[in-house]
Amino acid sequence: MKQKTLSILLLMCMAFSFFPCVKARAENIKLPNQTERIEAGAFENVPISELWLPDELRYIGATAFANTGLTTVVIPAGVSYIAPNAFEGCPNLAAAVYRGSYAEKWCSNNNIPALIITDLGVERHSQEEIRQFAHAHPAETNTATAFRRRPSLTEPYSPGLISEQSMQNALNMVNQVRFIAGLNADVVNAADREEMLGAAALVNYLNRELSHNPRRPEVLADSVYDELYEMAYDGASSSNLYAGMNNMANAVLGYLYDSNYSNISRVGHRRWILNPPMGKTTFGYCCDVSGSYRNSYSGMYAFDRSGSGRQAPVAWPAQQMPLSRFINAGTHAWSVSFDKVINMDAVNVTLIRESDGRNWHFSSESADGEFYVNNDWYGQRGCVIFRPSSIAISAGDIFRVMITDRQNKTALIYTVTFFDL
């Protein structure tokens with residue numbers, strides 16, 4: 001037992017190389033996993049902003065964290081004793097606790113706000129399961145989109161229809177990423193909307209302009225094209241759109257990235273693809289006769305809700321995340337959709353890399369990168385979005401994520417492991 005009772009102050013001196021210890025700035029610390037007891041006064045007066053207590057912990061002594069300035073502490077379910085004054089002098093403290101635990105009751109008895117720990121509402125697939133699914137549903141990202149009926153770019157104008165192989169390739173990518181995210185992965189082709197998506201791609205091509213509300217091209221001014229333009233408008237206004245992509249599976253990954261300056265504040269294209277009720281989608285594509293992707297326009301139908309999925313919260317990157325599906329990892333925004341209104345001022349996000357303990361924090365007051373909350377209806381509403389600055393991600397990296405919401409009194413906690421597909 002002696003080995004499992006930490007001389008915490010000595011540990012802090014060694015870890016942060018300071019003397020005397022109480023003058024250190026230890027905003028975030030990590031205790032050994034085997035720690036079962038934290039004795040009286042162990043961290044008293046040591047500045048700490050956030051603390052994740054180890055799962056083996058059972059005992060927290062008197063004034064153990066008094067006057068530390070703690071704002072958030074994660075208390076494991078196995079803790080069976082907390083001294084009444086363990087956290088005195090921490091007026092802004094909230095404790096992330098498991099429902100029904102001793103810690104939850106202690107918070108109630110000691111007037112400490114309790115945030116109930118929750119998990120993602122999706123399935124968690126293993127890396128091997130994801131590899132098997134990707135093998136069974138292959139999605140090629142290099143082969144150019146082919147047509148079974150080419151678009152007519154001169155009189156008489158008409159939309160094209162992509163080949164069955166290109167369509168299936170794109171659908172496979174949609175189902176791959178939904179499987180990775182833990183959603184239903186049985187999305188099929190919405191064949192009744194193919195003409196509409198083809199028309200949307202054609203009109204955007206003729207305008208040389210990407211728009212969800214496309215203007216009518218002069219070459220379609222004749223009333224004979226009324227139906228074509230109406231189809232195009234309906235298709236463009238209900239779809240994710242892309243310019244300059246020759247492969248629809250790659251376009252899906254581009255929609256998921258969604259981290260450029262005009263999309264990162266809402267990641268709407270991503271949220272439509274990862275919308276749990278999606279059961280059908282389809283794709284439209286238009287390019288010049290040379291097949292050059294530089295003059296190509298495409299779309300993916302987004303508004304379908306024919307599926308049975310209703311999961312929330314939904315995270316991207318997912319709990320097991322293939323790097324090849326997380327393109328431009330260093331600038332790729334992270335997001336969680338909660339399917340309820342989220343108050344940005346009540347939310348704090350913490351991201352910790354397990355290998356070196358590096359951490360990033362995000363709130364409405366300050367952020368180690370970019371931070372947004374969007375409550376618009378892009379599939380699900382209530383999306384928390386954060387992009388950590390100066391981050392490098394490699395296969396094998398594991399990150400812990402915690403999103404505390406003091407208004408809804410919850411603390412979402414999950415891990416993300418990156419791997420090679």
# chains A, B, ... in the order shown; residues from 1 in each chain; ligands from 1
$ select_by_dssp --residues "region 321-371 of chain A" --states "helix (DSSP H, G or I)" --output "list in words"
Leu323, Ser324, Arg325, Ala329, Gly330, Thr331, Met344, Asp345 and Ala346 of chain A
$ residues_around --residues "Arg271 (chain A)" --least-positions-apart "6" --cutoff "7 Å" --atoms "only C-alpha atoms" --output "list in words"
Tyr378, Gly379 and Gln380 of chain A
$ closest_residue --among "A:Arg193, A:Ser238, A:Cys383, A:Leu412" --to "Tyr98 (chain A)" --atoms "only C-alpha atoms"
A:Leu412
$ residues_around --residues "Leu253 (chain A)" --least-positions-apart "5" --cutoff "9 Å" --atoms "only C-alpha atoms" --output "JSON, numbers by chain"
{"A": [173, 174, 177, 248, 258, 270, 325, 326, 327]}
$ closest_residue --among "A:His361, A:Met231, A:Ala201, A:Glu370" --to "Ser298 (chain A)" --atoms "only C-alpha atoms"
A:Ala201
$ select_by_dssp --residues "region 148-389 of chain A" --states "strand (DSSP E or B)" --output "MDAnalysis selection string"
chainID A and resid 148:149 152 158 161:162 188:189 239:243 280:281 283:286 297:301 314:316 320:322 334:337 347:353 359:363 367 369:374 378 380 383:388
$ atom_distance --atom1 "CA of Asn142 (chain A)" --atom2 "CA of Asn247 (chain A)"
6.7 Å
$ residues_around --residues "Leu197 (chain A)" --least-positions-apart "2" --cutoff "6 Å" --atoms "only C-alpha atoms" --output "number ranges by chain"
A: 194-195, 199-200, 235, 284
$ write_last_selection --atoms "N, CA, C and O atoms" --output "mmCIF file, in the first residue's frame"
data_model
loop_
_atom_site.group_PDB
_atom_site.id
_atom_site.type_symbol
_atom_site.label_atom_id
_atom_site.label_comp_id
_atom_site.auth_asym_id
_atom_site.auth_seq_id
_atom_site.Cartn_x
_atom_site.Cartn_y
_atom_site.Cartn_z
ATOM 1 N N GLU A 194 -30.978 11.487 -59.296
ATOM 2 C CA GLU A 194 -29.762 11.573 -60.111
ATOM 3 C C GLU A 194 -29.851 12.674 -61.159
ATOM 4 O O GLU A 194 -28.892 13.437 -61.356
ATOM 5 N N GLU A 195 -30.986 12.774 -61.850
ATOM 6 C CA GLU A 195 -31.154 13.823 -62.866
ATOM 7 C C GLU A 195 -31.030 15.204 -62.229
ATOM 8 O O GLU A 195 -30.423 16.113 -62.793
ATOM 9 N N ALA A 199 -28.277 17.937 -63.158
ATOM 10 C CA ALA A 199 -28.674 19.272 -63.616
ATOM 11 C C ALA A 199 -27.987 20.353 -62.796
ATOM 12 O O ALA A 199 -27.553 21.382 -63.334
ATOM 13 N N ALA A 200 -27.892 20.149 -61.476
ATOM 14 C CA ALA A 200 -27.212 21.129 -60.620
ATOM 15 C C ALA A 200 -25.756 21.280 -61.029
ATOM 16 O O ALA A 200 -25.221 22.403 -61.112
ATOM 17 N N GLY A 235 -31.765 20.747 -56.984
ATOM 18 C CA GLY A 235 -30.628 19.883 -56.687
ATOM 19 C C GLY A 235 -29.520 20.616 -55.953
ATOM 20 O O GLY A 235 -28.960 20.116 -54.972
ATOM 21 N N GLY A 284 -23.968 14.006 -58.589
ATOM 22 C CA GLY A 284 -23.997 14.548 -59.939
ATOM 23 C C GLY A 284 -22.649 15.133 -60.280
ATOM 24 O O GLY A 284 -21.918 15.600 -59.387
#
$ closest_residue --among "A:Tyr157, A:Phe283, A:Tyr233, A:Tyr297" --to "Tyr205 (chain A)" --atoms "only C-alpha atoms"
A:Tyr297
$ closest_residue --among "A:Tyr372, A:Trp360, A:Phe386, A:Phe179" --to "Ala318 (chain A)" --atoms "only C-alpha atoms"
A:Phe179
$ closest_residue --among "A:Ala395, A:Ala83, A:Ala64, A:Ile273" --to "Leu183 (chain A)" --atoms "only C-alpha atoms"
A:Ile273
$ residues_around --residues "Asn175 (chain A)" --least-positions-apart "3" --cutoff "8 Å" --atoms "only C-alpha atoms" --output "mmCIF file with C-alpha atoms, in the first residue's frame"
data_model
loop_
_atom_site.group_PDB
_atom_site.id
_atom_site.type_symbol
_atom_site.label_atom_id
_atom_site.label_comp_id
_atom_site.auth_asym_id
_atom_site.auth_seq_id
_atom_site.Cartn_x
_atom_site.Cartn_y
_atom_site.Cartn_z
ATOM 1 C CA HIS A 137 -16.633 -1.643 -49.539
ATOM 2 C CA LEU A 171 -21.385 5.419 -51.987
ATOM 3 C CA ASN A 172 -18.732 3.085 -50.606
ATOM 4 C CA ARG A 178 -20.192 6.501 -41.522
ATOM 5 C CA PHE A 179 -19.029 3.086 -40.299
ATOM 6 C CA ASN A 184 -25.473 3.014 -39.871
ATOM 7 C CA ALA A 185 -23.420 2.310 -42.992
ATOM 8 C CA ASP A 186 -26.070 1.118 -45.446
ATOM 9 C CA VAL A 187 -26.706 4.305 -47.448
#
$ residues_around --residues "Pro151 (chain A)" --least-positions-apart "5" --cutoff "7 Å" --atoms "only C-alpha atoms" --output "number ranges by chain"
A: 158-160, 286
$ write_last_selection --atoms "N, CA and C atoms" --output "mmCIF file, in the first residue's frame"
data_model
loop_
_atom_site.group_PDB
_atom_site.id
_atom_site.type_symbol
_atom_site.label_atom_id
_atom_site.label_comp_id
_atom_site.auth_asym_id
_atom_site.auth_seq_id
_atom_site.Cartn_x
_atom_site.Cartn_y
_atom_site.Cartn_z
ATOM 1 N N SER A 158 -28.200 19.192 -71.690
ATOM 2 C CA SER A 158 -28.822 18.161 -70.849
ATOM 3 C C SER A 158 -27.811 17.677 -69.815
ATOM 4 N N PRO A 159 -28.278 17.261 -68.640
ATOM 5 C CA PRO A 159 -27.358 16.803 -67.589
ATOM 6 C C PRO A 159 -26.807 15.422 -67.885
ATOM 7 N N GLY A 160 -25.668 15.134 -67.304
ATOM 8 C CA GLY A 160 -25.090 13.809 -67.414
ATOM 9 C C GLY A 160 -25.453 12.940 -66.222
ATOM 10 N N CYS A 286 -20.240 17.226 -63.619
ATOM 11 C CA CYS A 286 -20.145 17.816 -64.950
ATOM 12 C C CYS A 286 -18.741 18.343 -65.159
#
$ residues_around --residues "Asn189 (chain A)" --least-positions-apart "3" --cutoff "10 Å" --atoms "only C-alpha atoms" --output "list in words"
Glu164, Met167, Gln168, Ala170, Leu171, Asp192, Arg193, Glu194, Gly279, Lys280, Thr281, Thr282, Phe283 and Tyr301 of chain A
$ write_last_selection --atoms "C-alpha atoms" --output "PDB file, in the first residue's frame"
ATOM      1  CA  GLU A 164     -22.728   2.806 -61.917  1.00  0.00           C
ATOM      2  CA  MET A 167     -21.626   5.941 -58.189  1.00  0.00           C
ATOM      3  CA  GLN A 168     -20.889   2.814 -56.168  1.00  0.00           C
ATOM      4  CA  ALA A 170     -18.700   7.238 -53.985  1.00  0.00           C
ATOM      5  CA  LEU A 171     -21.385   5.419 -51.987  1.00  0.00           C
ATOM      6  CA  ASP A 192     -34.878   9.367 -58.364  1.00  0.00           C
ATOM      7  CA  ARG A 193     -32.593  12.352 -57.704  1.00  0.00           C
ATOM      8  CA  GLU A 194     -29.762  11.573 -60.111  1.00  0.00           C
ATOM      9  CA  GLY A 279     -30.424   6.418 -45.728  1.00  0.00           C
ATOM     10  CA  LYS A 280     -30.008   7.552 -49.343  1.00  0.00           C
ATOM     11  CA  THR A 281     -27.845   9.915 -51.337  1.00  0.00           C
ATOM     12  CA  THR A 282     -26.695  10.385 -54.911  1.00  0.00           C
ATOM     13  CA  PHE A 283     -24.083  12.300 -56.888  1.00  0.00           C
ATOM     14  CA  TYR A 301     -27.606  15.010 -52.198  1.00  0.00           C
TER      15      TYR A 301
END
$ closest_residue --among "A:Val122, A:Val373, A:Val347, A:Ala190" --to "Lys409 (chain A)" --atoms "only C-alpha atoms"
A:Val347
